[in-house]
Amino acid sequence: MRDIHAARLGRRTLLAASAAIAMPWVARAQANPLKIGIPTILSGPIALLGTSSRGAIQPEIDRINAAGGLLGRQIQPIYRDSKGQPQEAARVARELVNTDGCEILLDAEASSGAYAVQEVVRDLGVLCLHSNSETSSLTADPKLRVATAFRCARQGVHDAIVGGAHSAKVATAKKLSKWATCSPDYAFGRDTTAQFLEFLKHFKPDIEVVSQGWPKLGAPDFTEVITKILQAKPQALYSALYAGDLSAFVNQGNVYALFSAMQVFVPAMGDLPVLTAVKSLPVGIQSANRYLPTFPKTAENAAWGAAYSKANNNAYPTNWSWQNSTAVRFIEAAVKKAGSTDGKKAAAALEGMTIDSPFSVTGKVTMRAEDHTLVDYAIGWGTTVPKEPFVVDVEPGDWGQIVELEKEWKKANGYI
Amino acid sequence: MDLDALLGCVTSSSCLVTQTTSGLIVGMLLFMVAAGLTLIFGVLKIVNFAHGTFYMLGAYIAYSAFMFTGSYFLGVLAGGLGMAIFGVIFERVLISRVYGANVLMQLLICYAVVLICDDLVKIVWGPDFYAMGMPPAFQVPPLFIAGGVVPPFYIMLILVALAIGGGLSLLLGLTKIGKIIRAAAHNPNMVSALGINTTLLYSLVFAVGGMLAGLAGGLAAPVRSLTPGMGFSILIESFIVTVIGGMGSIGGALIAAVVLGLIRSFGTIGFPLFTEGLMYIAMIIILVFKPSGLFGKEIV
């Protein structure tokens with residue numbers, strides 16, 4: 001006689017056994033999130049930039065997770081504060097991979113930290129997107145390049161070309177030949193200033209630099225540099241200062257009427273936190289767009305800016321914000337295409353990839369294959385006004401001209 | 001090195017006036033922070049590594065008070081008073097427990113306060129940088145004196161700093177409380193034996209030191225960016241001023257601060273790539289020939 005209890009027991013056993021086999025997979029999918037390590041600057045004078053990076057990354061990750069995650073896994077970002085110190089950035093990057101189990105690095109560091117993280121990536125072989133380093137050699141110099149590392153940020157040489165072309169146009173119209181510069185005294189400030197002058201002279205050879213000031217990064221007082229500039233009596237001033245340093249420089253320059261004594265060109269002026277923090281914004285400063293919701297003037301860009309503010313207690317997005325938002329979108333697309341988070345496979349998928357983006361005049365940005373760097377992003381120069389939209393008459397740069405002159409610059413520097 | 005530019009500057013009245021006033025303003029703000037630092041060291045022999053934090057908090061409190069009242073004067077006053085109260089709490093709750101202890105212990109406590117206050121500033125005011133903006137009374141074009149450019153706001157700052165420095169000297173030199181403070185700096189046990197409440201005295205010294213740093217933060221707020229951690233950069237320069245002037249000497253701090261300000265303002269013309277280095281070279285030279293600083297007392 002057939003034992004029905006035995007049969008029932010068998011089905012239960014079978015179900016239990018199936019569950020026992022299946023559960024770890026379910027549990028693993030939930031308990032094995034895809035960890036992305038994010039070293040960034042969350043303390044110190046430029047902590048605002050680190051928090052504005054995080055403020056852009058988190059909504060993108062929330063969007064991906066709400067849609068089911070990446071490769072069926074929920075993304076878990078792990079943020080670490082590097083305090084803006086290169087050695088700390090390298091240490092936390094290594095720790096994020098080796099200890100925390102991160103499979104991808106989104107390196108939201110400034111240039112000094114990015115160079116340190118680059119060497120960690122060379123060693124570990126994970127996919128890494130540098131989202132904030134603008135210093136050109138990071139990806140332009142083949143000796144520094146790493147197979148699995150990419151720059152998803154604007155680049156100094158691109159800004160220099162567009163800035164040089166725009167400034168030369170203004171300088172020709174206003175007959176400005178005597179120039180002064182005032183930039184922070186570290187690699188970024190010196191490199192970007194040299195590149196700007198190089199391209200300014202390319203477009204307008206009769207430029208004479210009559211004074212150069214190199215204040216320390218985070219210096220509380222710029223008075224002696226401002227008075228030195230005034231003594232040299234230049235017709236135009238270029239400055240690569242940014243964030244809080246730029247705000248202090250403008251406020252201190254205002255008491256000396258610096259901005260009415262000469263035409264001023266400041267690429268980083270067009271960042272909303274700076275524009276809104278400066279109480280008496282001088283009219284007529286020439287600035288690049290860092291992040292502006294009005295450039296490119298599209299519904300997608302305006303909507304992204306509004307969504308960022310809504311998600312971040314009405315804070316304004318910075319240049320670092322759009323770059324990090326773009327970096328997450330590239331990671332998403334590359335991992336999906338590769339079907340893997342493996343550094344080599346994801347890097348191969350990312351090379352030459354083009355994605356839709358609100359941060360481009362054409363609506364698309366590309367991760368250039370040959371040097372692992374972002375191109376086709378919105379880049380332009382305009383004029384400051386004291387009220388919103390703060391920067392008007394933004395003239396977009398010509399990417400054909402940028403690529404052509406960048407190639408010449410690379411040749412001149414022995415990079416190609 | 002551009003010695004021609006430096007020579008051209010010192011022989012040109014416009015450059016001389018502009019750079020001298022710019023050196024004075026840098027020096028005077030440094031003096032106000034360093035004066036509190038040196039006063040605390042002179043009386044209590046405490047090297048207050050948290051002094052830059054007093055400056056930062058003073059600036060933030062002044063900013064908030066200015067935004068609330070619209071008055072720059074009330075803002076600066078709030079910064080000074082706020083830091084006087086903070087100084088007393090800091091001394092009573094923390095520093096009073098490490099009098100006579102190893103300097104490392106004092107350093108650790110001060111450093112902990114620096115980190116805690118930086119984080120508190122981020123929580124209360126956020127990580128963004130702030131600018132107070134120029135008070136309407138000073139939104140005027142700069143003056144031109146002998147061809148040099150001199151902003152009226154900076155003239156006011158120099159005069160206020162001089163008045164505070166003068167007031168402090170009078171307080172220490174001519175009043176009874178000043179004599180007690182000086183006596184306590186020499187021999188605290190004797191002052192205590194005479195029945196003077198040294199606990200109150202020490203709190204008072206911290207209140208004055210904190211107030212000076214808070215006033216400096218408030219006074220400078222219209223032209224400087226307010227960021228968490230902003231006290232650190234001024235702390236280093238304040239220490240240089242204190243060391244050059246002589247630890248514990250208010251007059252020494254004033255002269256050292258002005259010298260440092262002038263080194264920076266003229267150094268940036270003659271030695272544009274070595275201005276910071278010049279300050280340290282000046283410190284080394286003075287310490288080699290007078291290890292106790294310009295007006296410091298020799299340690300026997």
# chains A, B, ... in the order shown; residues from 1 in each chain; ligands from 1
call {"tool": "residues_around", "arguments": {"residues": "stretch 111-123 of chain A", "least_positions_apart": "6", "cutoff": "10 Å", "atoms": "only C-alpha atoms", "output": "MDAnalysis selection string"}}
result
chainID A and resid 39:41 82:94 97 104:105 129:139 144:151 186:188 343
call {"tool": "closest_atom_pairs", "arguments": {"of": "chain B", "to": "chain A", "cutoff": "7 Å", "atoms": "only C-alpha atoms", "output": "tab-separated table"}}
result
residue	atom	partner	partner_atom	distance
B:Cys15	CA	A:Gln231	CA	6.3
B:Thr18	CA	A:Thr227	CA	6.5
B:Gln19	CA	A:Thr227	CA	6.6
B:Ser22	CA	A:Glu224	CA	5.9
B:Pro127	CA	A:Leu48	CA	5.2
B:Asp128	CA	A:Leu48	CA	5.0
B:Phe129	CA	A:Gly244	CA	5.8
B:Tyr130	CA	A:Ala277	CA	5.8
B:Ala131	CA	A:Ala277	CA	5.8
B:Gly133	CA	A:Lys279	CA	4.9
B:Pro141	CA	A:Ala257	CA	6.6
B:Pro142	CA	A:Tyr256	CA	5.8
B:Val149	CA	A:Tyr256	CA	6.9
B:Pro151	CA	A:Val255	CA	5.8
B:Val223	CA	A:Asn251	CA	5.2
B:Arg224	CA	A:Ala248	CA	4.8
B:Ser225	CA	A:Ala248	CA	5.0
B:Thr227	CA	A:Pro45	CA	5.6
B:Pro228	CA	A:Gly44	CA	6.1
B:Gly229	CA	A:Gly44	CA	5.5
B:Met230	CA	A:Pro45	CA	6.8
B:Ser233	CA	A:Ala219	CA	6.9
B:Arg264	CA	A:Glu224	CA	6.8
B:Ser265	CA	A:Glu224	CA	4.7
B:Thr268	CA	A:Glu224	CA	6.8
B:Ile269	CA	A:Lys228	CA	6.4
B:Pro272	CA	A:Gly213	CA	6.8
call {"tool": "closest_residue", "arguments": {"among": "A:Gly339, A:Pro389, A:Pro267, A:Pro205", "to": "A:Thr294", "atoms": "only C-alpha atoms"}}
result
A:Pro389
call {"tool": "residues_around", "arguments": {"residues": "stretch 328-337 of chain A", "least_positions_apart": "3", "cutoff": "6 Å", "atoms": "only C-alpha atoms", "output": "list in words"}}
result
Ser325, Ser340, Thr341, Ala346, Ala349 and Leu350 of chain A
call {"tool": "residues_around", "arguments": {"residues": "B:Pro135", "least_positions_apart": "5", "cutoff": "10 Å", "atoms": "only C-alpha atoms", "output": "list in words"}}
result
Phe66, Gly70, Ser71, Tyr72, Phe73, Phe153 and Pro222 of chain B
call {"tool": "residues_around", "arguments": {"residues": "B:Phe41", "least_positions_apart": "6", "cutoff": "8 Å", "atoms": "only C-alpha atoms", "output": "number ranges by chain"}}
result
B: 47-48, 247-248
call {"tool": "closest_residue", "arguments": {"among": "B:Gly80, B:Leu44, B:Phe274, B:Cys9", "to": "B:His186", "atoms": "only C-alpha atoms"}}
result
B:Leu44
call {"tool": "residues_around", "arguments": {"residues": "A:Lys35", "least_positions_apart": "3", "cutoff": "8 Å", "atoms": "only C-alpha atoms", "output": "MDAnalysis selection string"}}
result
chainID A and resid 75:78 101:104
call {"tool": "write_last_selection", "arguments": {"atoms": "N, CA, C and O atoms", "output": "PDB file, in the first residue's frame"}}
result
ATOM      1  N   ILE A  75      22.845  48.691  -6.306  1.00  0.00           N
ATOM      2  CA  ILE A  75      24.135  49.388  -6.173  1.00  0.00           C
ATOM      3  C   ILE A  75      24.237  49.964  -4.762  1.00  0.00           C
ATOM      4  O   ILE A  75      23.298  50.577  -4.255  1.00  0.00           O
ATOM      5  N   GLN A  76      25.380  49.733  -4.149  1.00  0.00           N
ATOM      6  CA  GLN A  76      25.622  50.317  -2.816  1.00  0.00           C
ATOM      7  C   GLN A  76      26.836  51.246  -2.898  1.00  0.00           C
ATOM      8  O   GLN A  76      27.961  50.769  -3.017  1.00  0.00           O
ATOM      9  N   PRO A  77      26.598  52.554  -2.871  1.00  0.00           N
ATOM     10  CA  PRO A  77      27.759  53.456  -2.905  1.00  0.00           C
ATOM     11  C   PRO A  77      28.417  53.518  -1.526  1.00  0.00           C
ATOM     12  O   PRO A  77      27.726  53.525  -0.511  1.00  0.00           O
ATOM     13  N   ILE A  78      29.723  53.527  -1.512  1.00  0.00           N
ATOM     14  CA  ILE A  78      30.435  53.701  -0.236  1.00  0.00           C
ATOM     15  C   ILE A  78      31.306  54.946  -0.368  1.00  0.00           C
ATOM     16  O   ILE A  78      32.269  54.967  -1.138  1.00  0.00           O
ATOM     17  N   GLY A 101      35.262  45.640  -0.470  1.00  0.00           N
ATOM     18  CA  GLY A 101      34.774  44.805  -1.565  1.00  0.00           C
ATOM     19  C   GLY A 101      34.151  45.575  -2.713  1.00  0.00           C
ATOM     20  O   GLY A 101      33.274  45.048  -3.411  1.00  0.00           O
ATOM     21  N   CYS A 102      34.575  46.811  -2.922  1.00  0.00           N
ATOM     22  CA  CYS A 102      34.021  47.587  -4.042  1.00  0.00           C
ATOM     23  C   CYS A 102      34.561  47.022  -5.363  1.00  0.00           C
ATOM     24  O   CYS A 102      35.747  46.710  -5.473  1.00  0.00           O
ATOM     25  N   GLU A 103      33.675  46.935  -6.344  1.00  0.00           N
ATOM     26  CA  GLU A 103      34.084  46.379  -7.633  1.00  0.00           C
ATOM     27  C   GLU A 103      34.425  47.469  -8.641  1.00  0.00           C
ATOM     28  O   GLU A 103      35.046  47.216  -9.669  1.00  0.00           O
ATOM     29  N   ILE A 104      33.959  48.686  -8.345  1.00  0.00           N
ATOM     30  CA  ILE A 104      34.202  49.817  -9.246  1.00  0.00           C
ATOM     31  C   ILE A 104      34.572  51.018  -8.376  1.00  0.00           C
ATOM     32  O   ILE A 104      34.057  51.171  -7.262  1.00  0.00           O
TER      33      ILE A 104
END
call {"tool": "select_by_dssp", "arguments": {"residues": "stretch 226-292 of chain B", "states": "helix (DSSP H, G or I)", "output": "MDAnalysis selection string"}}
result
chainID B and resid 231:245 250:270 275:289
call {"tool": "residues_around", "arguments": {"residues": "B:Ala35", "least_positions_apart": "6", "cutoff": "9 Å", "atoms": "only C-alpha atoms", "output": "list in words"}}
result
Gly165, Gly209, Leu212, Ala213, Ser238, Thr242, Gly248, Ser249, Ile250, Gly251, Ala253 and Leu254 of chain B
call {"tool": "write_last_selection", "arguments": {"atoms": "N, CA, C and O atoms", "output": "PDB file, in the first residue's frame"}}
result
ATOM      1  N   GLY B 165      44.188  97.006  20.140  1.00  0.00           N
ATOM      2  CA  GLY B 165      45.541  96.763  20.653  1.00  0.00           C
ATOM      3  C   GLY B 165      45.905  97.771  21.734  1.00  0.00           C
ATOM      4  O   GLY B 165      46.465  97.412  22.779  1.00  0.00           O
ATOM      5  N   GLY B 209      41.015  86.501  25.251  1.00  0.00           N
ATOM      6  CA  GLY B 209      41.665  85.871  24.088  1.00  0.00           C
ATOM      7  C   GLY B 209      40.633  85.448  23.045  1.00  0.00           C
ATOM      8  O   GLY B 209      40.803  85.693  21.850  1.00  0.00           O
ATOM      9  N   LEU B 212      39.077  88.500  21.276  1.00  0.00           N
ATOM     10  CA  LEU B 212      39.939  89.095  20.241  1.00  0.00           C
ATOM     11  C   LEU B 212      39.858  88.297  18.939  1.00  0.00           C
ATOM     12  O   LEU B 212      39.734  88.866  17.846  1.00  0.00           O
ATOM     13  N   ALA B 213      39.927  86.965  19.068  1.00  0.00           N
ATOM     14  CA  ALA B 213      39.847  86.124  17.856  1.00  0.00           C
ATOM     15  C   ALA B 213      38.464  86.255  17.204  1.00  0.00           C
ATOM     16  O   ALA B 213      38.355  86.338  15.975  1.00  0.00           O
ATOM     17  N   SER B 238      49.474  83.029  12.807  1.00  0.00           N
ATOM     18  CA  SER B 238      49.407  83.613  14.152  1.00  0.00           C
ATOM     19  C   SER B 238      50.508  83.053  15.040  1.00  0.00           C
ATOM     20  O   SER B 238      51.084  83.770  15.865  1.00  0.00           O
ATOM     21  N   THR B 242      53.383  85.088  16.934  1.00  0.00           N
ATOM     22  CA  THR B 242      53.601  84.922  18.369  1.00  0.00           C
ATOM     23  C   THR B 242      55.060  84.566  18.668  1.00  0.00           C
ATOM     24  O   THR B 242      55.656  85.090  19.605  1.00  0.00           O
ATOM     25  N   GLY B 248      53.989  85.526  24.646  1.00  0.00           N
ATOM     26  CA  GLY B 248      53.469  86.243  25.818  1.00  0.00           C
ATOM     27  C   GLY B 248      53.545  87.749  25.700  1.00  0.00           C
ATOM     28  O   GLY B 248      53.047  88.455  26.569  1.00  0.00           O
ATOM     29  N   SER B 249      54.157  88.270  24.643  1.00  0.00           N
ATOM     30  CA  SER B 249      54.313  89.726  24.519  1.00  0.00           C
ATOM     31  C   SER B 249      53.286  90.293  23.522  1.00  0.00           C
ATOM     32  O   SER B 249      53.337  89.986  22.328  1.00  0.00           O
ATOM     33  N   ILE B 250      52.374  91.154  24.036  1.00  0.00           N
ATOM     34  CA  ILE B 250      51.361  91.771  23.169  1.00  0.00           C
ATOM     35  C   ILE B 250      52.017  92.755  22.198  1.00  0.00           C
ATOM     36  O   ILE B 250      51.741  92.745  20.994  1.00  0.00           O
ATOM     37  N   GLY B 251      52.918  93.590  22.728  1.00  0.00           N
ATOM     38  CA  GLY B 251      53.622  94.560  21.881  1.00  0.00           C
ATOM     39  C   GLY B 251      54.438  93.853  20.813  1.00  0.00           C
ATOM     40  O   GLY B 251      54.482  94.277  19.652  1.00  0.00           O
ATOM     41  N   ALA B 253      53.785  90.971  19.538  1.00  0.00           N
ATOM     42  CA  ALA B 253      52.855  90.423  18.535  1.00  0.00           C
ATOM     43  C   ALA B 253      52.461  91.493  17.529  1.00  0.00           C
ATOM     44  O   ALA B 253      52.372  91.223  16.328  1.00  0.00           O
ATOM     45  N   LEU B 254      52.245  92.721  18.017  1.00  0.00           N
ATOM     46  CA  LEU B 254      51.853  93.821  17.126  1.00  0.00           C
ATOM     47  C   LEU B 254      52.959  94.092  16.105  1.00  0.00           C
ATOM     48  O   LEU B 254      52.711  94.163  14.891  1.00  0.00           O
TER      49      LEU B 254
END
call {"tool": "atom_distance", "arguments": {"atom1": "atom CA of A:Gly305", "atom2": "atom CA of A:Pro317"}}
result
6.7 Å
call {"tool": "atom_distance", "arguments": {"atom1": "atom CA of A:Tyr79", "atom2": "atom CA of A:Pro358"}}
result
25.2 Å
call {"tool": "select_by_dssp", "arguments": {"residues": "stretch 114-288 of chain A", "states": "strand (DSSP E)", "output": "PyMOL selection string"}}
result
chain A and resi 127-130+149-151+178-182+208-213+236-239+263-265+270-271+286-288
call {"tool": "write_last_selection", "arguments": {"atoms": "C-alpha atoms", "output": "CSV table (one decimal), in the first residue's frame"}}
result
chain,number,residue,atom,x,y,z
A,127,LEU,CA,37.1,50.0,-13.5
A,128,CYS,CA,37.7,53.6,-12.3
A,129,LEU,CA,36.1,56.9,-13.5
A,130,HIS,CA,37.8,60.0,-12.3
A,149,ALA,CA,40.8,54.3,-15.8
A,150,PHE,CA,38.8,57.0,-17.5
A,151,ARG,CA,38.3,60.8,-17.0
A,178,LYS,CA,48.7,93.8,-21.2
A,179,TRP,CA,47.6,90.8,-19.1
A,180,ALA,CA,48.0,89.7,-15.5
A,181,THR,CA,47.2,86.3,-14.0
A,182,CYS,CA,46.3,85.2,-10.4
A,208,GLU,CA,52.2,90.7,-22.9
A,209,VAL,CA,52.0,89.2,-19.4
A,210,VAL,CA,52.9,92.0,-17.0
A,211,SER,CA,52.2,90.3,-13.6
A,212,GLN,CA,51.6,86.9,-12.2
A,213,GLY,CA,50.4,86.1,-8.7
A,236,ALA,CA,43.0,92.3,-18.5
A,237,LEU,CA,43.3,89.7,-15.7
A,238,TYR,CA,42.9,85.9,-15.9
A,239,SER,CA,42.3,83.9,-12.8
A,263,GLN,CA,38.6,93.3,-18.0
A,264,VAL,CA,38.5,90.1,-15.9
A,265,PHE,CA,38.4,86.5,-17.2
A,270,GLY,CA,30.2,80.4,-13.7
A,271,ASP,CA,29.6,78.0,-10.9
A,286,GLN,CA,34.0,86.8,-18.6
A,287,SER,CA,33.5,83.2,-17.4
A,288,ALA,CA,33.2,79.7,-18.6
call {"tool": "closest_residue", "arguments": {"among": "A:Asp356, A:Glu198, A:Asp206, A:Asp159", "to": "A:Ala171", "atoms": "only C-alpha atoms"}}
result
A:Asp206
call {"tool": "atom_distance", "arguments": {"atom1": "atom CA of B:Gly36", "atom2": "atom CA of B:Val205"}}
result
8.5 Å
